[in-house]
Protein chains: 2
Amino acid sequence: MCYKDPVNVATPPSGSTPTLEDVARAAGVSRATVSRVINGIRNVDPAIQEVVRQAVAATGYVPNQAARSLVTRRAGVVALVVSGASGEEPGEPSPGQVFTDPFFGRVAAGIIGFLRPQGIHPILMFADDAETRTQVLTYLRQGNADGALLVSTHAEDPLPRLLADAGLPAVLFARPAEPIPISYVDVEHRAGARLAADHLVSRGCRRVATITGPPSLPAAQARLAGFRDAMAVHGHPYIPCAEGNFTYHSGEAAMERLLAGHPDLDGVFAANDVMAQAALFVLRHRGLRVPEDVAVIGFDDSSVAAASRPALTTVRHPVEDMAAEMARLLLAQVDRPELPATSIIFDPALVVRESA
Amino acid sequence: MCYKDPVNVATPPSGSTPTLEDVARAAGVSRATVSRVINGIRNVDPAIQEVVRQAVAATGYVPNQAARSLVTRRAGVVALVVSGASGEEPGEPSPGQVFTDPFFGRVAAGIIGFLRPQGIHPILMFADDAETRTQVLTYLRQGNADGALLVSTHAEDPLPRLLADAGLPAVLFARPAEPIPISYVDVEHRAGARLAADHLVSRGCRRVATITGPPSLPAAQARLAGFRDAMAVHGHPYIPCAEGNFTYHSGEAAMERLLAGHPDLDGVFAANDVMAQAALFVLRHRGLRVPEDVAVIGFDDSSVAAASRPALTTVRHPVEDMAAEMARLLLAQVDRPELPATSIIFDPALVVRESA
DNA sequence: GGCAGGATAGAGAGCGCTCTCCAGTGTCGG
DNA sequence: CCGACACTGGAGAGCGCTCTCTATCCTGCC
């Protein structure tokens with residue numbers, strides 16, 4: 001057999017983008033062989049592989065993903081869905097604001113860090129009402145994306161159930177409020193809160209209070225419960241608490257309320273760093289020193305924790321690792337849809353800085 | 001002609017997802033007709049349209065995007081690329097940190113707000129070294145995305161040039177450092193800085209300083225130049241300045257330096273809100289009252305501006321509108337690649353709050 | 001030396017859709 | 001009453017790729 005010189009025959013028929021056929025012609029082999037080389041499959045003579053590779057380079061060939069997807073039934077894309085509840089609540093974060101939360105950035109970074117090496121990229125979608133939820137579902141069904149990575153901002157989010165019912169591959173960032181056969185990753189919130197409680201007690205704090213997240217969120221519930229239980233074990237059965245919703249403003253207000261009711265407190269556990277930061281601000285504003293007068297512990301170890309003054313002691317929430325794990329779980333599920341829903345729970349750790 | 005009852009013949013051959021063919025069979029028409037109805041095209045009898053629609057509903061048909069893309073040569077996806085320089089510089093924000101910047105959230109929100117109604121979604125990509133830049137290029141060439149929306153964090157970012165050279169549709173968020181035939185949107189930075197200068201002067205500030213962005217960024221240059229020029233016009237030819245890089249930390253450090261060199265200053269213009277917020281913190285820490293002792297003006301009107309204490313007076317940067325315009329420009333360019341590169345410049349506005 | 005059997009390459013059938021022809025139908029003017 | 005013409009709907013050719021099936025070649029063994 002005689003293979004033609006790949007370089008001289010390379011130019012595709014027209015000025016349009018070259019196809020497999022063009023490369024095959026240039027290399028003097030069949031389409032199938034080129035396909036095999038490109039997809040790195042067995043049974044191709046090394047010499048021919050080399051000829052094909054040269055032909056690919058010479059023609060500037062790039063495989064057409066649509067054609068590939070059509071036959072493989074794989075989009076090579078996953079949806080990263082930021083999903084809220086029905087959107088009726090006032091004060092609910094708008095889609096854009098979600099990004100402002102350092103938490104979301106960490107999730108995105110973790111997901112992308114895992115997916116990028118595999119040539120898979122996330123499509124960004126928001127779902128905050130019935131219409132946009134339908135859009136997500138349709139999008140997945142159309143095969144635009146192979147599955148969904150879901151970050152819900154609300155416990156009542158109906159999207160997880162819709163996805164599960166539709167049998168679409170999906171992984172949640174946190175345990176759903178009600179049991180749904182769907183995979184998720186989460187952190188051991190109770191254990192994290194216990195770490196905070198133990199640390200405050202070991203520092204000698206006796207009058208400790210907590211700023212909670214929205215009670216509708218299981219994560220917030222668990223942090224509160226874990227903190228209370230641990231404090232009870234240390235002999236502090238009653239813990240004053242003020243409810244926030246994870247925003248800076250709500251944290252400020254909550255700290256004000258706590259201080260109004262308990263001016264002598266000497267320790268605060270906030271359910272996330274942003275609220276802890278707000279607490280720091282209020283305390284300093286009141287002339288209270290942190291950690292000398294009041295010790296403050298946050299939760300998440302987000303970027304604001306180290307940036308705070310004083311730097312926040314906080315419970316590390318391994319968000320990036322968890323996000324990468326989400327992606328891993330999703331891809332496994334896409335490959336083998338028959339796999340049962342799995343949940344992976346991560347351990348938190350205490351990061352001691354200056355505030356406690 | 002007699003159309004069969006769509007409901008009874010509906011079930012597709014197997015349990016697999018229904019295709020156009022299945023719907024056509026169910027409706028008793030040809031594939032072409034169903035396609036016409038679905039794509040809302042002319043020349044279909046209303047009665048038949050109805051029959052087809054019922055058949056679609058009965059079969060649960062959803063068009064396969066890959067097949068559609070294959071023939072239309074349109075992915076229905078655009079890439080949202082966050083692009084840095086070569087990544088050698090230490091202290092450079094990692095991909096994930098980019099999200100933490102409220103600025104990026106606003107861009108994403110603006111883009112999504114415009115694209116979502118059209119059923120187009122952005123794919124999130126980072127490009128921070130040669131390899132990932134190639135990945136972006138390849139991705140676009142493969143037809144995975146129809147074009148790129150580029151947010152560069154560095155002036156020397158080579159990606160815009162690569163995109164322009166490859167003839168791929170792309171729109172930048174800011175004017176490229178060197179002239180490149182590529183579309184972009186930007187804000188009139190000089191005019192914005194002038195607004196800040198005028199306001200400080202009209203408040204009676206006499207000893208004004210500024211915290212700049214990285215000098216390699218044209219936007220930072222323009223803000224500084226605009227501020228200096230305007231202050232010169234007001235009779236203040238010399239303006240102390242300290243360089244920051246748009247982060248909170250750099251803003252703190254810059255404010256410290258300014259105060260060290262000019263303890264008596266009474267006005268500060270920071271090139272973005274985050275650094276202005278840091279300035280606020282340093283000033284309060286030093287016991288200086290804002291705005292009584294020192295007036296502070298930021299730039300961007302990002303979410304942190306209103307959340308600061310005192311709330312920041314700032315120059316509004318219409319990021320969301322600009323981002324939407326980027327998307328519009330990109331889609332126009334995808335539709336008609338022969339269109340010349342266009343640039344659209346937005347006007348800033350002063351938002352007066354408490355800090356000045 | 002002939003033949004089984006593994007390794008390798010090619011042929012060709014789709015994947016599901018769009019879109020360009022064409023054929024058929026009905027309408028109107030001459 | 002007939003031909004011209006707008007209007008509809010169908011047939012069928014791909015879009016570029018993967019992958020199964022088959023043909024060919026080569027090696028080794030009896």
# chains A, B, ... in the order shown; residues from 1 in each chain; ligands from 1

call {"tool": "select_by_dssp", "arguments": {"residues": "stretch 46-294 of chain A", "states": "strand (DSSP E or B)", "output": "PyMOL selection string"}}
result
chain A and resi 77-83+121-127+148-152+170-172+183-187+208-212+241-243+267-270

call {"tool": "residues_around", "arguments": {"residues": "A:Val81", "least_positions_apart": "3", "cutoff": "8 Å", "atoms": "only C-alpha atoms (C1' of nucleotides)", "output": "mmCIF file with N, CA, C and O atoms, in the first residue's frame"}}
result
data_model
loop_
_atom_site.group_PDB
_atom_site.id
_atom_site.type_symbol
_atom_site.label_atom_id
_atom_site.label_comp_id
_atom_site.auth_asym_id
_atom_site.auth_seq_id
_atom_site.Cartn_x
_atom_site.Cartn_y
_atom_site.Cartn_z
ATOM 1 N N LEU A 124 -23.515 27.600 32.743
ATOM 2 C CA LEU A 124 -24.052 28.290 33.900
ATOM 3 C C LEU A 124 -25.534 28.552 33.709
ATOM 4 O O LEU A 124 -25.944 29.177 32.738
ATOM 5 N N MET A 125 -26.326 28.107 34.650
ATOM 6 C CA MET A 125 -27.763 28.364 34.535
ATOM 7 C C MET A 125 -28.324 28.801 35.878
ATOM 8 O O MET A 125 -27.863 28.356 36.914
ATOM 9 N N PHE A 126 -29.330 29.643 35.805
ATOM 10 C CA PHE A 126 -30.032 30.010 37.026
ATOM 11 C C PHE A 126 -31.415 29.426 36.920
ATOM 12 O O PHE A 126 -31.998 29.371 35.841
ATOM 13 N N ALA A 127 -31.957 29.009 38.028
ATOM 14 C CA ALA A 127 -33.333 28.540 38.016
ATOM 15 C C ALA A 127 -33.975 29.139 39.244
ATOM 16 O O ALA A 127 -33.613 28.809 40.364
ATOM 17 N N ALA A 148 -26.583 17.605 35.722
ATOM 18 C CA ALA A 148 -26.619 18.886 36.419
ATOM 19 C C ALA A 148 -25.915 18.824 37.764
ATOM 20 O O ALA A 148 -26.035 17.845 38.498
ATOM 21 N N LEU A 149 -25.180 19.895 38.049
ATOM 22 C CA LEU A 149 -24.589 20.083 39.360
ATOM 23 C C LEU A 149 -25.419 21.193 39.978
ATOM 24 O O LEU A 149 -25.508 22.288 39.426
ATOM 25 N N LEU A 150 -26.041 20.901 41.093
ATOM 26 C CA LEU A 150 -27.007 21.842 41.604
ATOM 27 C C LEU A 150 -26.614 22.477 42.920
ATOM 28 O O LEU A 150 -26.328 21.786 43.893
ATOM 29 N N VAL A 151 -26.617 23.779 42.942
ATOM 30 C CA VAL A 151 -26.372 24.496 44.179
ATOM 31 C C VAL A 151 -27.654 25.239 44.511
ATOM 32 O O VAL A 151 -28.033 26.180 43.816
#

call {"tool": "select_by_dssp", "arguments": {"residues": "stretch 154-300 of chain B", "states": "alpha helix (DSSP H)", "output": "number ranges by chain"}}
result
B: 159-166, 189-202, 218-233, 248-261, 273-285

call {"tool": "closest_atom_pairs", "arguments": {"of": "chain A", "to": "chain D", "cutoff": "7 Å", "atoms": "only C-alpha atoms (C1' of nucleotides)", "output": "Markdown table"}}
result
| residue | atom | partner | partner_atom | distance |
| --- | --- | --- | --- | --- |
| A:Thr19 | CA | D:DG16 | C1' | 6.7 |
| A:Asn64 | CA | D:DG16 | C1' | 6.6 |
| A:Ala67 | CA | D:DC17 | C1' | 5.0 |
| A:Arg68 | CA | D:DC17 | C1' | 5.0 |
| A:Val71 | CA | D:DT18 | C1' | 6.2 |

call {"tool": "residues_around", "arguments": {"residues": "A:Ala327", "least_positions_apart": "2", "cutoff": "9 Å", "atoms": "only C-alpha atoms (C1' of nucleotides)", "output": "ChimeraX atom specification"}}
result
/A:78,110-112,114-115,149,171,322-325,329-332

call {"tool": "write_last_selection", "arguments": {"atoms": "N, CA, C and O atoms", "output": "PDB file, in the first residue's frame"}}
result
ATOM      1  N   VAL A  78     -21.665  19.830  31.281  1.00  0.00           N
ATOM      2  CA  VAL A  78     -22.594  19.636  32.389  1.00  0.00           C
ATOM      3  C   VAL A  78     -23.166  20.998  32.771  1.00  0.00           C
ATOM      4  O   VAL A  78     -22.540  22.021  32.521  1.00  0.00           O
ATOM      5  N   GLY A 110     -13.889  24.708  42.386  1.00  0.00           N
ATOM      6  CA  GLY A 110     -13.689  23.280  42.618  1.00  0.00           C
ATOM      7  C   GLY A 110     -14.183  22.451  41.447  1.00  0.00           C
ATOM      8  O   GLY A 110     -13.543  21.501  41.012  1.00  0.00           O
ATOM      9  N   ILE A 111     -15.327  22.826  40.932  1.00  0.00           N
ATOM     10  CA  ILE A 111     -15.905  22.094  39.810  1.00  0.00           C
ATOM     11  C   ILE A 111     -15.040  22.229  38.574  1.00  0.00           C
ATOM     12  O   ILE A 111     -14.702  21.246  37.911  1.00  0.00           O
ATOM     13  N   ILE A 112     -14.652  23.454  38.292  1.00  0.00           N
ATOM     14  CA  ILE A 112     -13.861  23.683  37.096  1.00  0.00           C
ATOM     15  C   ILE A 112     -12.496  23.018  37.217  1.00  0.00           C
ATOM     16  O   ILE A 112     -11.995  22.436  36.271  1.00  0.00           O
ATOM     17  N   PHE A 114     -11.791  20.331  38.563  1.00  0.00           N
ATOM     18  CA  PHE A 114     -11.898  18.903  38.281  1.00  0.00           C
ATOM     19  C   PHE A 114     -12.261  18.625  36.823  1.00  0.00           C
ATOM     20  O   PHE A 114     -11.741  17.715  36.188  1.00  0.00           O
ATOM     21  N   LEU A 115     -13.165  19.435  36.306  1.00  0.00           N
ATOM     22  CA  LEU A 115     -13.692  19.174  34.970  1.00  0.00           C
ATOM     23  C   LEU A 115     -12.753  19.580  33.843  1.00  0.00           C
ATOM     24  O   LEU A 115     -12.708  18.935  32.790  1.00  0.00           O
ATOM     25  N   LEU A 149     -25.180  19.895  38.049  1.00  0.00           N
ATOM     26  CA  LEU A 149     -24.589  20.083  39.360  1.00  0.00           C
ATOM     27  C   LEU A 149     -25.419  21.193  39.978  1.00  0.00           C
ATOM     28  O   LEU A 149     -25.508  22.288  39.426  1.00  0.00           O
ATOM     29  N   VAL A 171     -26.287  15.988  40.787  1.00  0.00           N
ATOM     30  CA  VAL A 171     -25.675  15.906  42.110  1.00  0.00           C
ATOM     31  C   VAL A 171     -25.908  17.243  42.813  1.00  0.00           C
ATOM     32  O   VAL A 171     -25.716  18.298  42.216  1.00  0.00           O
ATOM     33  N   MET A 322     -15.292  19.364  47.930  1.00  0.00           N
ATOM     34  CA  MET A 322     -16.656  18.849  47.815  1.00  0.00           C
ATOM     35  C   MET A 322     -17.191  19.076  46.400  1.00  0.00           C
ATOM     36  O   MET A 322     -17.857  18.215  45.821  1.00  0.00           O
ATOM     37  N   ALA A 323     -16.881  20.241  45.842  1.00  0.00           N
ATOM     38  CA  ALA A 323     -17.351  20.552  44.499  1.00  0.00           C
ATOM     39  C   ALA A 323     -16.717  19.614  43.480  1.00  0.00           C
ATOM     40  O   ALA A 323     -17.378  19.121  42.566  1.00  0.00           O
ATOM     41  N   ALA A 324     -15.427  19.344  43.661  1.00  0.00           N
ATOM     42  CA  ALA A 324     -14.758  18.419  42.754  1.00  0.00           C
ATOM     43  C   ALA A 324     -15.404  17.039  42.855  1.00  0.00           C
ATOM     44  O   ALA A 324     -15.636  16.361  41.851  1.00  0.00           O
ATOM     45  N   GLU A 325     -15.726  16.664  44.064  1.00  0.00           N
ATOM     46  CA  GLU A 325     -16.368  15.365  44.270  1.00  0.00           C
ATOM     47  C   GLU A 325     -17.731  15.318  43.597  1.00  0.00           C
ATOM     48  O   GLU A 325     -18.139  14.297  43.035  1.00  0.00           O
ATOM     49  N   LEU A 329     -18.822  12.540  40.955  1.00  0.00           N
ATOM     50  CA  LEU A 329     -20.034  11.736  41.101  1.00  0.00           C
ATOM     51  C   LEU A 329     -20.927  11.872  39.869  1.00  0.00           C
ATOM     52  O   LEU A 329     -21.491  10.894  39.376  1.00  0.00           O
ATOM     53  N   LEU A 330     -21.026  13.094  39.381  1.00  0.00           N
ATOM     54  CA  LEU A 330     -21.909  13.307  38.231  1.00  0.00           C
ATOM     55  C   LEU A 330     -21.411  12.549  37.006  1.00  0.00           C
ATOM     56  O   LEU A 330     -22.183  11.867  36.337  1.00  0.00           O
ATOM     57  N   LEU A 331     -20.124  12.662  36.748  1.00  0.00           N
ATOM     58  CA  LEU A 331     -19.596  11.974  35.577  1.00  0.00           C
ATOM     59  C   LEU A 331     -19.785  10.463  35.701  1.00  0.00           C
ATOM     60  O   LEU A 331     -20.110   9.786  34.727  1.00  0.00           O
ATOM     61  N   ALA A 332     -19.602   9.950  36.905  1.00  0.00           N
ATOM     62  CA  ALA A 332     -19.799   8.517  37.109  1.00  0.00           C
ATOM     63  C   ALA A 332     -21.246   8.153  36.802  1.00  0.00           C
ATOM     64  O   ALA A 332     -21.543   7.127  36.188  1.00  0.00           O
TER      65      ALA A 332
END

call {"tool": "interface_residues", "arguments": {"of": "chain A", "to": "chain B", "cutoff": "6 Å", "atoms": "only C-alpha atoms", "output": "ChimeraX atom specification"}}
result
/A:62-67,69-70,96,99-100,102,105-106,109,122-124,142

call {"tool": "interface_residues", "arguments": {"of": "chain A", "to": "chain C", "cutoff": "8 Å", "atoms": "only C-alpha atoms (C1' of nucleotides)", "output": "list in words"}}
result
Ser30, Ala32, Thr33, Asn43, Val44, Asp45, Leu70 and Val71 of chain A

call {"tool": "write_last_selection", "arguments": {"atoms": "N, CA and C atoms", "output": "mmCIF file, in the first residue's frame"}}
result
data_model
loop_
_atom_site.group_PDB
_atom_site.id
_atom_site.type_symbol
_atom_site.label_atom_id
_atom_site.label_comp_id
_atom_site.auth_asym_id
_atom_site.auth_seq_id
_atom_site.Cartn_x
_atom_site.Cartn_y
_atom_site.Cartn_z
ATOM 1 N N SER A 30 -8.647 5.639 5.364
ATOM 2 C CA SER A 30 -10.095 5.792 5.431
ATOM 3 C C SER A 30 -10.496 6.663 6.616
ATOM 4 N N ALA A 32 -12.489 5.938 8.902
ATOM 5 C CA ALA A 32 -12.497 5.150 10.135
ATOM 6 C C ALA A 32 -11.132 5.148 10.802
ATOM 7 N N THR A 33 -10.111 5.028 10.014
ATOM 8 C CA THR A 33 -8.760 4.996 10.572
ATOM 9 C C THR A 33 -8.409 6.323 11.243
ATOM 10 N N ASN A 43 -5.267 -0.858 17.652
ATOM 11 C CA ASN A 43 -5.199 -1.429 16.312
ATOM 12 C C ASN A 43 -4.930 -0.468 15.174
ATOM 13 N N VAL A 44 -4.032 0.460 15.391
ATOM 14 C CA VAL A 44 -3.594 1.238 14.236
ATOM 15 C C VAL A 44 -2.074 1.193 14.195
ATOM 16 N N ASP A 45 -1.551 0.822 13.067
ATOM 17 C CA ASP A 45 -0.111 0.747 12.864
ATOM 18 C C ASP A 45 0.534 2.086 13.212
ATOM 19 N N LEU A 70 -23.855 13.655 18.341
ATOM 20 C CA LEU A 70 -25.022 13.024 17.726
ATOM 21 C C LEU A 70 -24.928 11.512 17.842
ATOM 22 N N VAL A 71 -23.757 10.985 17.609
ATOM 23 C CA VAL A 71 -23.636 9.535 17.658
ATOM 24 C C VAL A 71 -23.255 9.008 19.042
#

call {"tool": "atom_distance", "arguments": {"atom1": "atom CA of A:Val282", "atom2": "atom CA of A:Glu252"}}
result
6.3 Å

call {"tool": "atom_distance", "arguments": {"atom1": "atom CA of B:Glu256", "atom2": "atom CA of B:Asp293"}}
result
15.8 Å

call {"tool": "closest_residue", "arguments": {"among": "B:Leu259, B:Ala222, B:Ala196, B:Val208", "to": "B:Ala177", "atoms": "only C-alpha atoms"}}
result
B:Ala222

call {"tool": "residues_around", "arguments": {"residues": "B:Leu265", "least_positions_apart": "4", "cutoff": "10 Å", "atoms": "only C-alpha atoms (C1' of nucleotides)", "output": "list in words"}}
result
Cys205, Arg206, Arg207, Val208, Ala209, Pro240, Leu258, Leu259, Gly261, Asp293, Val294 and Ala295 of chain B

call {"tool": "atom_distance", "arguments": {"atom1": "atom CA of B:Leu159", "atom2": "atom CA of B:Pro215"}}
result
19.7 Å
